[in-house]
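Okay, run-v2.csv now, which holds CSV, C-alpha atoms:
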chain,number,residue,atom,x,y,z
A,379,MET,CA,38.0,-59.9,14.7
A,380,LYS,CA,39.4,-57.1,16.8
A,381,LEU,CA,41.5,-55.7,13.9
A,382,ARG,CA,38.5,-55.9,11.5
A,383,SER,CA,36.2,-54.1,14.0
A,384,LEU,CA,38.9,-51.4,14.5
A,385,PHE,CA,39.2,-50.9,10.7
A,386,LEU,CA,35.4,-50.7,10.3
A,387,SER,CA,35.1,-48.1,13.1
A,388,LEU,CA,37.8,-46.0,11.4
A,389,LEU,CA,36.0,-46.3,8.0
A,390,ILE,CA,32.7,-45.1,9.5
A,391,ALA,CA,34.4,-42.2,11.3
A,392,SER,CA,36.2,-41.1,8.1
A,393,SER,CA,32.9,-41.0,6.2
A,394,ALA,CA,31.3,-38.6,8.6
A,395,LEU,CA,31.0,-34.9,7.6
A,396,ALA,CA,33.9,-32.9,8.6
A,397,ASP,CA,33.0,-29.4,9.9
A,398,GLN,CA,33.0,-26.9,7.0
A,399,THR,CA,32.8,-23.1,7.4
A,400,ARG,CA,31.4,-20.8,4.8
A,401,THR,CA,30.9,-17.0,4.7
A,402,ILE,CA,27.8,-15.1,4.0
A,403,PRO,CA,28.9,-11.7,2.6
A,404,ASN,CA,26.8,-8.6,3.6
A,405,ALA,CA,28.5,-5.7,1.9
A,406,MET,CA,25.5,-3.4,2.4
A,407,LYS,CA,25.4,-4.2,6.2
A,408,MET,CA,21.7,-4.9,6.0
A,409,ASP,CA,19.7,-6.8,8.7
A,410,PHE,CA,18.2,-10.1,7.6
A,411,PRO,CA,16.4,-11.6,10.7
A,412,TRP,CA,15.3,-14.9,9.0
A,413,ASP,CA,16.5,-15.5,5.5
A,414,PRO,CA,16.6,-18.6,3.4
A,415,VAL,CA,20.2,-19.3,2.2
A,416,SER,CA,21.5,-22.1,-0.1
A,417,MET,CA,25.2,-23.1,-0.7
A,418,ASP,CA,26.6,-25.6,-3.2
A,419,PHE,CA,29.0,-28.4,-2.3
A,420,PRO,CA,30.5,-31.3,-4.2
A,421,ALA,CA,28.2,-34.3,-4.6
A,422,GLY,CA,28.4,-36.7,-1.6
A,423,THR,CA,29.6,-34.0,0.9
A,424,PHE,CA,26.5,-34.7,3.0
A,425,THR,CA,25.6,-38.3,3.7
A,426,GLY,CA,23.3,-37.9,6.8
A,427,ASP,CA,21.6,-35.4,9.1
A,428,THR,CA,23.3,-32.0,9.0
A,429,VAL,CA,23.1,-28.9,11.1
A,430,VAL,CA,24.5,-25.4,10.6
A,431,LYS,CA,25.8,-23.2,13.4
A,432,THR,CA,24.7,-19.6,12.7
A,433,GLY,CA,25.8,-17.3,15.6
A,434,ASP,CA,25.3,-19.3,18.8
A,435,GLU,CA,22.4,-21.4,17.4
A,436,LEU,CA,22.3,-24.7,15.7
A,437,ARG,CA,19.7,-24.9,12.9
A,438,PRO,CA,18.6,-27.8,10.6
A,439,VAL,CA,20.0,-28.2,7.1
A,440,GLN,CA,18.2,-29.7,4.1
A,441,ILE,CA,20.2,-31.1,1.2
A,442,GLU,CA,18.9,-30.9,-2.3
A,443,LYS,CA,20.5,-33.2,-4.9
A,444,THR,CA,20.8,-31.2,-8.1
A,445,GLU,CA,23.1,-30.4,-11.1
A,446,VAL,CA,24.9,-27.4,-12.2
A,447,ASP,CA,26.3,-27.4,-15.8
A,448,GLY,CA,25.7,-31.2,-15.9
A,449,LYS,CA,27.7,-31.8,-12.7
A,450,ALA,CA,26.0,-33.3,-9.6
A,451,ILE,CA,26.2,-31.2,-6.5
A,452,ASP,CA,24.8,-31.1,-2.9
A,453,ARG,CA,22.9,-27.8,-2.3
A,454,ALA,CA,22.5,-27.1,1.4
A,455,TRP,CA,19.5,-25.0,2.4
A,456,PHE,CA,19.1,-23.4,5.8
A,457,MET,CA,17.6,-20.3,7.5
A,458,ALA,CA,20.2,-17.6,8.5
A,459,THR,CA,20.0,-14.6,10.7
A,460,VAL,CA,22.4,-11.9,9.5
A,461,LYS,CA,22.8,-8.8,11.5
A,462,ALA,CA,24.0,-5.4,10.1
A,463,GLN,CA,27.6,-6.5,9.8
A,464,PRO,CA,29.9,-7.1,6.8
A,465,SER,CA,29.7,-10.9,6.9
A,466,LEU,CA,28.7,-13.9,8.9
A,467,ASN,CA,30.5,-17.2,9.2
A,468,VAL,CA,28.4,-20.4,9.3
A,469,THR,CA,29.7,-23.9,10.1
A,470,PHE,CA,28.2,-27.1,8.8
A,471,ALA,CA,28.5,-30.3,10.9
A,472,ALA,CA,26.9,-33.7,11.2
A,473,GLY,CA,23.9,-33.6,13.7
A,474,LYS,CA,20.2,-33.2,14.1
A,475,VAL,CA,17.9,-30.6,15.6
A,476,ASP,CA,14.2,-30.6,15.9
A,477,SER,CA,12.1,-28.8,13.2
A,478,PRO,CA,8.4,-27.7,13.6
A,479,LEU,CA,7.8,-28.4,9.9
A,480,VAL,CA,5.1,-31.0,9.7
A,481,VAL,CA,3.1,-32.5,6.7
A,482,ARG,CA,-0.2,-34.2,7.1
A,483,ARG,CA,-2.6,-35.8,4.6
A,484,ASP,CA,-6.2,-35.5,5.6
A,485,GLY,CA,-8.8,-36.8,3.2
A,486,SER,CA,-8.6,-34.5,0.1
A,487,ALA,CA,-6.2,-32.1,1.6
A,488,ILE,CA,-2.4,-31.8,2.4
A,489,THR,CA,-1.7,-29.7,5.4
A,490,VAL,CA,1.8,-28.1,6.0
A,491,GLU,CA,2.6,-26.5,9.4
A,492,ASN,CA,5.9,-24.5,9.6
A,493,GLY,CA,5.9,-23.3,13.2
A,494,LEU,CA,4.2,-19.9,12.4
A,495,SER,CA,1.3,-20.7,10.2
A,496,THR,CA,-0.5,-23.6,8.5
A,497,ILE,CA,-1.4,-23.9,4.8
A,498,ARG,CA,-4.0,-26.4,3.5
A,499,LEU,CA,-3.7,-27.5,-0.1
A,500,VAL,CA,-6.2,-29.5,-2.1
A,501,ASP,CA,-5.0,-33.0,-2.8
A,502,TYR,CA,-6.3,-33.5,-6.4
A,503,SER,CA,-4.9,-37.1,-6.3
A,504,ALA,CA,-7.8,-37.9,-3.9
A,505,MET,CA,-10.6,-36.5,-6.1
A,506,ASP,CA,-11.9,-36.8,-9.6
A,507,VAL,CA,-12.1,-33.4,-11.5
A,508,ALA,CA,-12.4,-34.9,-15.0
A,509,GLY,CA,-15.1,-33.2,-17.0
A,510,LYS,CA,-15.2,-30.1,-14.7
A,511,THR,CA,-14.6,-26.7,-16.0
A,512,LEU,CA,-11.8,-24.7,-14.2
A,513,ALA,CA,-14.5,-22.6,-12.5
A,514,GLU,CA,-16.2,-25.8,-11.2
A,515,THR,CA,-12.9,-27.1,-9.8
A,516,PRO,CA,-11.9,-26.5,-6.2
A,517,HIS,CA,-9.0,-24.0,-6.1
A,518,TRP,CA,-5.6,-25.4,-4.9
A,519,LEU,CA,-5.7,-23.2,-1.8
A,520,ALA,CA,-7.9,-24.7,0.8
A,521,GLY,CA,-7.0,-22.3,3.6
A,522,VAL,CA,-4.4,-20.6,5.7
A,523,ARG,CA,-4.2,-19.9,9.5
A,524,VAL,CA,-1.8,-18.3,11.8
A,525,GLY,CA,-0.9,-20.3,14.9
A,526,ASN,CA,-4.0,-22.1,16.1
A,527,GLY,CA,-6.3,-19.3,14.9
A,528,THR,CA,-9.2,-19.5,12.5
A,529,TRP,CA,-8.9,-20.5,8.9
A,530,ASP,CA,-9.1,-18.0,6.1
A,531,GLY,CA,-8.1,-17.7,2.4
A,532,ARG,CA,-11.2,-18.2,0.3
A,533,ALA,CA,-10.1,-18.9,-3.3
A,534,TRP,CA,-11.9,-19.7,-6.5
A,535,PHE,CA,-11.2,-20.0,-10.3
A,536,ASP,CA,-12.8,-18.3,-13.3
A,537,GLY,CA,-12.7,-20.1,-16.6
A,538,SER,CA,-14.6,-22.5,-18.9
A,539,SER,CA,-11.7,-24.8,-20.0
A,540,VAL,CA,-12.5,-28.4,-19.2
A,541,LEU,CA,-10.1,-30.5,-17.1
A,542,LYS,CA,-9.0,-34.0,-17.8
A,543,GLY,CA,-7.4,-34.4,-14.4
A,544,ALA,CA,-5.1,-32.9,-11.8
A,545,THR,CA,-2.4,-34.1,-9.5
A,546,THR,CA,-0.9,-32.9,-6.2
A,547,THR,CA,2.6,-34.3,-5.4
A,548,ILE,CA,5.0,-33.7,-2.5
A,549,VAL,CA,8.3,-33.5,-4.4
A,550,ALA,CA,10.5,-32.5,-1.4
A,551,GLN,CA,10.1,-32.8,2.3
A,552,GLY,CA,12.6,-32.1,5.1
A,553,PRO,CA,13.4,-30.1,8.2
A,554,VAL,CA,13.8,-26.8,6.2
A,555,PHE,CA,11.3,-26.8,3.4
A,556,VAL,CA,8.4,-28.7,1.8
A,557,ASP,CA,7.8,-28.4,-1.9
A,558,VAL,CA,4.4,-29.4,-3.3
A,559,LYS,CA,3.7,-29.5,-7.1
A,560,ILE,CA,0.3,-29.2,-8.6
A,561,VAL,CA,-0.4,-30.0,-12.3
A,562,TYR,CA,-3.7,-29.5,-14.2
A,563,GLU,CA,-4.4,-31.5,-17.3
A,564,PHE,CA,-6.9,-30.0,-19.8
A,565,ALA,CA,-9.2,-32.1,-21.9
A,566,ASP,CA,-9.2,-29.4,-24.7
A,567,ASN,CA,-5.4,-29.2,-24.8
A,568,HIS,CA,-3.8,-29.4,-28.3
A,569,PRO,CA,0.0,-29.7,-28.1
A,570,ASP,CA,2.0,-28.3,-31.0
A,571,GLY,CA,5.5,-29.6,-30.8
A,572,GLN,CA,7.9,-28.3,-28.2
A,573,THR,CA,9.1,-24.9,-26.9
A,574,LEU,CA,11.7,-23.5,-24.5
A,575,ALA,CA,10.4,-22.1,-21.2
A,576,GLN,CA,11.8,-20.9,-17.9
A,577,PRO,CA,11.7,-23.7,-15.3
A,578,ILE,CA,9.8,-23.2,-12.0
A,579,GLN,CA,12.7,-22.6,-9.5
A,580,MET,CA,11.9,-22.2,-5.8
A,581,GLY,CA,14.0,-20.2,-3.4
A,582,LYS,CA,16.5,-17.5,-4.3
A,583,GLN,CA,18.1,-18.5,-7.6
A,584,THR,CA,18.7,-15.4,-9.7
A,585,PHE,CA,22.2,-14.9,-8.3
A,586,ARG,CA,23.2,-18.1,-10.0
A,587,TYR,CA,22.1,-17.0,-13.4
A,588,LYS,CA,24.7,-16.1,-16.0
A,589,PRO,CA,24.8,-12.5,-17.1
A,590,GLY,CA,22.0,-11.7,-19.5
A,591,GLU,CA,20.9,-15.3,-19.6
A,592,LEU,CA,17.8,-17.0,-18.1
A,593,PRO,CA,17.6,-20.7,-17.5
A,594,ARG,CA,15.5,-22.6,-20.1
A,595,GLU,CA,14.1,-26.1,-20.4
A,596,THR,CA,12.2,-27.8,-23.2
A,597,ILE,CA,8.5,-28.5,-22.6
A,598,ALA,CA,5.5,-29.4,-24.8
A,599,ARG,CA,4.0,-26.4,-26.6
A,600,ASP,CA,0.5,-26.8,-25.0
A,601,SER,CA,-2.5,-24.7,-25.9
A,602,HIS,CA,-3.8,-25.3,-22.3
A,603,ARG,CA,-1.3,-25.5,-19.4
A,604,TYR,CA,-1.3,-24.7,-15.8
A,605,GLU,CA,1.2,-26.0,-13.2
A,606,LEU,CA,2.6,-24.6,-10.0
A,607,MET,CA,4.9,-25.2,-7.1
A,608,ILE,CA,4.4,-24.2,-3.5
A,609,ARG,CA,7.3,-24.0,-1.0
A,610,VAL,CA,6.8,-23.7,2.7
A,611,MET,CA,9.9,-23.0,4.8
A,612,VAL,CA,10.4,-23.5,8.5
A,613,ASN,CA,9.3,-20.6,10.7
A,614,ASP,CA,9.0,-18.4,7.7
A,615,PRO,CA,6.0,-16.0,7.2
A,616,TRP,CA,6.5,-16.2,3.4
A,617,ILE,CA,4.8,-19.0,1.5
A,618,GLU,CA,6.3,-19.1,-2.0
A,619,VAL,CA,4.2,-19.9,-5.1
A,620,GLY,CA,5.7,-20.3,-8.5
A,621,GLU,CA,3.4,-20.7,-11.5
A,622,ARG,CA,3.7,-21.5,-15.2
A,623,TYR,CA,0.7,-21.4,-17.5
A,624,HIS,CA,-0.6,-20.8,-21.0
A,625,LEU,CA,-4.4,-20.6,-21.4
A,626,PRO,CA,-6.5,-19.0,-24.2
A,627,ARG,CA,-8.7,-16.0,-23.7
A,628,ASP,CA,-12.1,-16.9,-22.3
A,629,LYS,CA,-15.1,-14.7,-23.2
A,630,SER,CA,-17.2,-16.4,-20.4
A,631,VAL,CA,-15.1,-14.5,-17.8
A,632,LYS,CA,-16.3,-11.0,-17.2
A,633,ASP,CA,-14.1,-7.9,-17.2
A,634,PHE,CA,-10.9,-9.0,-18.9
A,635,GLY,CA,-11.9,-12.3,-20.5
A,636,VAL,CA,-9.0,-14.4,-19.2
A,637,HIS,CA,-8.7,-17.5,-17.0
A,638,GLN,CA,-8.0,-16.2,-13.5
A,639,TYR,CA,-8.4,-16.9,-9.8
A,640,HIS,CA,-9.3,-14.8,-6.8
A,641,LEU,CA,-8.0,-14.8,-3.2
A,642,HIS,CA,-10.1,-13.2,-0.5
A,643,PHE,CA,-9.0,-12.7,3.1
A,644,GLY,CA,-10.8,-11.0,6.0
A,645,GLN,CA,-14.5,-10.6,6.6
A,646,GLN,CA,-16.9,-12.4,4.3
A,647,ALA,CA,-18.3,-10.3,1.4
A,648,ALA,CA,-21.1,-10.7,-1.1
A,649,GLY,CA,-20.3,-12.9,-4.0
A,650,VAL,CA,-17.4,-14.6,-2.3
A,651,PRO,CA,-17.8,-18.4,-2.1
A,652,ASP,CA,-16.8,-20.1,1.2
A,653,GLY,CA,-15.0,-23.0,-0.5
A,654,ASN,CA,-13.2,-24.9,2.1
A,655,ILE,CA,-13.6,-22.2,4.8
A,656,ALA,CA,-16.4,-22.6,7.3
A,657,PRO,CA,-19.0,-19.8,7.0
A,658,GLY,CA,-18.2,-16.9,9.4
A,659,GLN,CA,-14.5,-17.8,9.8
A,660,SER,CA,-11.8,-15.3,8.9
A,661,LEU,CA,-8.6,-13.8,10.1
A,662,PRO,CA,-8.9,-10.5,12.1
A,663,ILE,CA,-7.7,-8.3,9.3
A,664,ASP,CA,-8.4,-4.5,9.4
A,665,THR,CA,-5.2,-3.0,7.9
A,666,VAL,CA,-3.2,-3.2,4.7
A,667,MET,CA,0.5,-2.2,4.7
A,668,TRP,CA,2.0,-1.6,1.3
A,669,THR,CA,4.4,0.4,-0.8
A,670,ARG,CA,2.5,2.0,-3.7
A,671,TRP,CA,3.5,1.1,-7.2
A,672,PHE,CA,0.6,2.9,-8.8
A,673,GLU,CA,-2.7,3.5,-7.2
A,674,TRP,CA,-5.2,3.2,-10.0
A,675,ASP,CA,-4.7,6.6,-11.6
A,676,SER,CA,-1.7,7.9,-9.7
A,677,PHE,CA,2.0,7.0,-10.4
A,678,GLY,CA,5.0,7.5,-8.1
A,679,GLY,CA,5.2,7.9,-4.3
A,680,ASN,CA,6.8,4.5,-3.8
A,681,ASN,CA,9.3,5.7,-1.2
A,682,ALA,CA,7.1,5.2,1.9
A,683,LEU,CA,5.0,2.5,3.6
A,684,GLN,CA,1.3,3.1,3.2
A,685,PHE,CA,-1.3,2.2,5.7
A,686,VAL,CA,-5.0,1.9,4.6
A,687,GLU,CA,-8.0,0.3,6.1
A,688,ALA,CA,-8.7,-3.2,4.8
A,689,ARG,CA,-11.9,-2.2,3.0
A,690,ALA,CA,-12.9,-1.3,-0.5
A,691,ARG,CA,-12.2,2.4,-1.4
A,692,PRO,CA,-14.0,4.5,-4.0
A,693,THR,CA,-10.8,4.7,-6.2
A,694,GLN,CA,-11.0,0.9,-6.7
A,695,LYS,CA,-14.4,1.3,-8.6
A,696,GLY,CA,-15.4,-2.2,-7.5
A,697,ARG,CA,-12.1,-3.8,-8.5
A,698,PRO,CA,-9.8,-5.9,-6.2
A,699,PHE,CA,-7.3,-4.1,-4.0
A,700,ALA,CA,-4.5,-5.9,-5.9
A,701,MET,CA,-4.6,-7.4,-9.4
A,702,VAL,CA,-1.5,-9.3,-10.4
A,703,ARG,CA,-1.5,-10.2,-14.1
A,704,ALA,CA,1.0,-11.9,-16.4
A,705,ARG,CA,1.1,-9.1,-18.9
A,706,TRP,CA,0.7,-5.3,-19.0
A,707,ASN,CA,-2.9,-4.2,-19.4
A,708,GLN,CA,-4.9,-1.0,-19.4
A,709,GLY,CA,-7.5,-2.2,-17.0
A,710,GLY,CA,-6.1,-0.6,-13.9
A,711,GLY,CA,-4.6,-2.3,-10.9
A,712,GLY,CA,-1.4,-3.9,-9.9
A,713,ALA,CA,0.5,-4.4,-6.7
A,714,GLN,CA,3.9,-5.0,-5.3
A,715,ASP,CA,4.4,-6.6,-1.9
A,716,PHE,CA,1.7,-5.9,0.6
A,717,PHE,CA,0.7,-7.2,4.0
A,718,LEU,CA,-2.7,-8.0,5.4
A,719,THR,CA,-2.6,-7.3,9.2
A,720,SER,CA,-4.3,-5.6,12.0
A,721,GLY,CA,-3.7,-2.7,14.3
A,722,GLY,CA,-3.6,0.3,12.0
A,723,LYS,CA,-0.7,2.7,11.4
A,724,ASP,CA,-0.6,4.0,15.0
A,725,GLY,CA,-1.6,0.7,16.7
A,726,SER,CA,0.4,-2.4,17.5
A,727,ALA,CA,0.1,-3.9,14.1
A,728,ASP,CA,0.1,-7.7,14.4
A,729,ALA,CA,2.5,-8.9,11.7
A,730,ALA,CA,1.5,-12.5,12.3
A,731,ALA,CA,-2.1,-11.8,11.3

Using structure tokens, write down the structure that the file contains.
Amino acid sequence: MKLRSLFLSLLIASSALADQTRTIPNAMKMDFPWDPVSMDFPAGTFTGDTVVKTGDELRPVQIEKTEVDGKAIDRAWFMATVKAQPSLNVTFAAGKVDSPLVVRRDGSAITVENGLSTIRLVDYSAMDVAGKTLAETPHWLAGVRVGNGTWDGRAWFDGSSVLKGATTTIVAQGPVFVDVKIVYEFADNHPDGQTLAQPIQMGKQTFRYKPGELPRETIARDSHRYELMIRVMVNDPWIEVGERYHLPRDKSVKDFGVHQYHLHFGQQAAGVPDGNIAPGQSLPIDTVMWTRWFEWDSFGGNNALQFVEARARPTQKGRPFAMVRARWNQGGGGAQDFFLTSGGKDGSADAAA
């Protein structure tokens, strides 16, 4: 029995993860204070809880089981802090550290807390939307808040296409990220064979693409399709949303006659439905920080950060501050990255807001 116990102990010890060190190159010597990083390892490298040492700190690692060119791999995700230096060595080891990433189901909502903010998503699996038009269906965003502050993020759809159903599924959950997939099924959908489409891929992936080649997968050629993935990462101010859709033109929608949705943050305004946000609640937003792409009628000038008050301006002519559309249009509008915050250009702008 003693010899067998000794052999079993050695077997368990040999299956534990041996420390592995990898290098993050930073040839431009840029400063990345909190950046999601993923690295690929042979399948089976990680068999339990894993941590990564970045600098003097231990951080959690989340393993995604996936394939590359038909070969199974372990993809290790973690958050890295890379200072303005040529490279950073990180070491993976067996272990566990606490993560503030928490998922809760509350009635018809899924709530994800990441340590900085909380996002509330509609759980369509807990409600019946069959027979409703898109405009009658609650938007997937049920609210966002920073810390323990007030909820904001009023959202609503435009469109007359009728739904057959919708689902909300948590497809990945761990100490580094949570992925939630939402799929809308339309009653008036008419499939016509199959087509190739770019898959919804979360996180940084383009560096894995082959030169001049985008990844493709075969899907049904639907006349009506809308699906999305939301990724929330630990202690990250960014909430990633990837969408894939094909919907017909809709004459019932004013302005551009397309299915669309709206997001409204800040003080309540006329014509904006409350949705899942209590009347009177909003984040204390008074400033927009952005780098201009084109400002309605003016091109250029994208080399400096702009500060404007978070209120409608005459140049908008009643249009939203940012309009993000899937194709070029002559309707005016457009935006790159922008931040809704408070404090103004000369004040102590609160990035968390």

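Within the 9 Å cut-off around A:Met406, using all atoms listed in the file and omitting residues fewer than 3 positions from it on the same chain, the listed residues are Pro403, Ala462, Gln463 and Pro464 of chain A.
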
Limited to C-alpha atoms, could you put the picked residues into a file as a PDB file, in the frame of the given file?
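See result_13.pdb below for the written result:
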ATOM      1  CA  PRO A 403      28.900 -11.700   2.600  1.00  0.00           C
ATOM      2  CA  ALA A 462      24.000  -5.400  10.100  1.00  0.00           C
ATOM      3  CA  GLN A 463      27.600  -6.500   9.800  1.00  0.00           C
ATOM      4  CA  PRO A 464      29.900  -7.100   6.800  1.00  0.00           C
TER       5      PRO A 464
END

Which is closer to A:Asp434 than all the others in A:Ala421, A:Glu491, A:Thr459, A:Ile402, using all atoms listed in the file?
-> A:Thr459

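The smallest atom-to-atom distance between A:Asp530 and any of A:Ser477, A:Ser495, A:Ser486, A:Thr669, using only C-alpha atoms, is found for A:Ser495.
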
Compile the contact shell of stretch 575-587 of chain A as a ChimeraX atom specification: residues with an atom at most 9 Å away, counting only C-alpha atoms, same-chain residues fewer than 6 positions apart removed.
-> /A:414-416,557,593-597,606-609,618-622

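In terms of minimum interatomic distance to A:Val522, A:Leu494 ranks closest within A:Ile548, A:Ala648, A:Ala471, A:Leu494, counting only C-alpha atoms.
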
Within 8 Å of (22.0, -13.7, 8.7) (coordinates as in the file), grab all the protein and nucleic acid residues, counting only C-alpha atoms, and write them out as a list in words.
-> Ile402, Asp409, Phe410, Pro411, Trp412, Asp413, Thr432, Ala458, Thr459, Val460, Lys461 and Leu466 of chain A

Excluding same-chain residues fewer than 3 positions from A:Met667, what lies within 10 Å of it counting all atoms listed in the file, as a ChimeraX atom specification?
-> /A:670,683-688,715-720,722-723,727,729

Which distance in Å separates atom CA of A:Val500 and atom CA of A:Val556, to one decimal?
-> 15.1 Å

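Put simply, atom CA of A:Trp616 is 19.9 Å away from atom CA of A:Asp664.
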
Up to 9 Å from (-7.6, -22.0, 5.2) in the file's coordinates: name the residues, counting only C-alpha atoms, as a VMD selection string.
-> chain A and resid 496 to 499 519 to 523 528 to 532 654 to 655 660

For A:Asn467, please output as a ChimeraX atom specification all residues within 7 Å (counting all atoms listed in the file; exclusion window: fewer than 6 positions along the same chain).
-> /A:399-402

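Each of A:Phe634, A:Phe456, A:Phe564, A:Trp668 was compared to A:Val468 using all atoms listed in the file, and A:Phe456 turns out to be the nearest.
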
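Compared by their closest atoms to A:Lys588, and using all atoms listed in the file, the residues A:Val446, A:Met417, A:Met457, A:Leu574 rank with A:Val446 nearest.
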
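Minimum atom-to-atom distances from A:Ala405, A:Val439, A:Val540, A:Ala682 to A:Lys510 were compared using all atoms listed in the file, and the lowest value belongs to A:Val540.
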
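Here atom CA of A:Val507 is placed at a distance of 24.8 Å from atom CA of A:Ala550.
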
Can you list, as a list in words, every protein, DNA or RNA residue that comes within 9 Å of A:Glu514 when you count all atoms listed in the file, leaving out same-chain residues fewer than 6 positions away?
-> Val507, Trp534, Phe535, Asp536, Gly537 and Ser538 of chain A

Some atoms are missing, so please complete stretch 422-428 of chain A with all heavy atoms and return it as a compact mmCIF listing (two decimals), in the coordinates of the input.
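Written out: rebuild33.txt:
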# COMPACT_ATOMS: atom_id res chain seq x y z
N GLY A 422 27.98 -35.70 -2.63
CA GLY A 422 28.40 -36.70 -1.60
C GLY A 422 29.03 -36.04 -0.40
O GLY A 422 29.44 -36.75 0.52
N THR A 423 29.07 -34.69 -0.33
CA THR A 423 29.60 -34.00 0.90
C THR A 423 28.76 -34.38 2.09
O THR A 423 29.29 -34.60 3.18
CB THR A 423 29.63 -32.50 0.68
OG1 THR A 423 30.47 -32.19 -0.44
CG2 THR A 423 30.15 -31.80 1.92
N PHE A 424 27.44 -34.45 1.90
CA PHE A 424 26.50 -34.70 3.00
C PHE A 424 25.89 -36.08 2.85
O PHE A 424 25.26 -36.35 1.83
CB PHE A 424 25.45 -33.62 3.06
CG PHE A 424 25.99 -32.22 3.16
CD1 PHE A 424 26.14 -31.45 2.00
CD2 PHE A 424 26.35 -31.67 4.37
CE1 PHE A 424 26.64 -30.16 2.07
CE2 PHE A 424 26.85 -30.38 4.45
CZ PHE A 424 27.00 -29.63 3.30
N THR A 425 26.07 -36.92 3.84
CA THR A 425 25.60 -38.30 3.70
C THR A 425 24.55 -38.60 4.83
O THR A 425 24.04 -39.71 4.89
CB THR A 425 26.72 -39.29 3.83
OG1 THR A 425 27.44 -39.08 5.06
CG2 THR A 425 27.66 -39.12 2.65
N GLY A 426 24.26 -37.65 5.70
CA GLY A 426 23.30 -37.90 6.80
C GLY A 426 22.74 -36.58 7.28
O GLY A 426 22.82 -35.54 6.62
N ASP A 427 22.12 -36.63 8.47
CA ASP A 427 21.60 -35.40 9.10
C ASP A 427 22.64 -34.37 9.27
O ASP A 427 23.75 -34.69 9.70
CB ASP A 427 20.88 -35.75 10.39
CG ASP A 427 19.65 -36.63 10.22
OD1 ASP A 427 18.99 -36.50 9.17
OD2 ASP A 427 19.37 -37.45 11.11
N THR A 428 22.30 -33.13 8.95
CA THR A 428 23.30 -32.00 9.00
C THR A 428 22.68 -30.84 9.71
O THR A 428 21.48 -30.55 9.58
CB THR A 428 23.72 -31.64 7.58
OG1 THR A 428 24.18 -32.81 6.89
CG2 THR A 428 24.83 -30.60 7.62
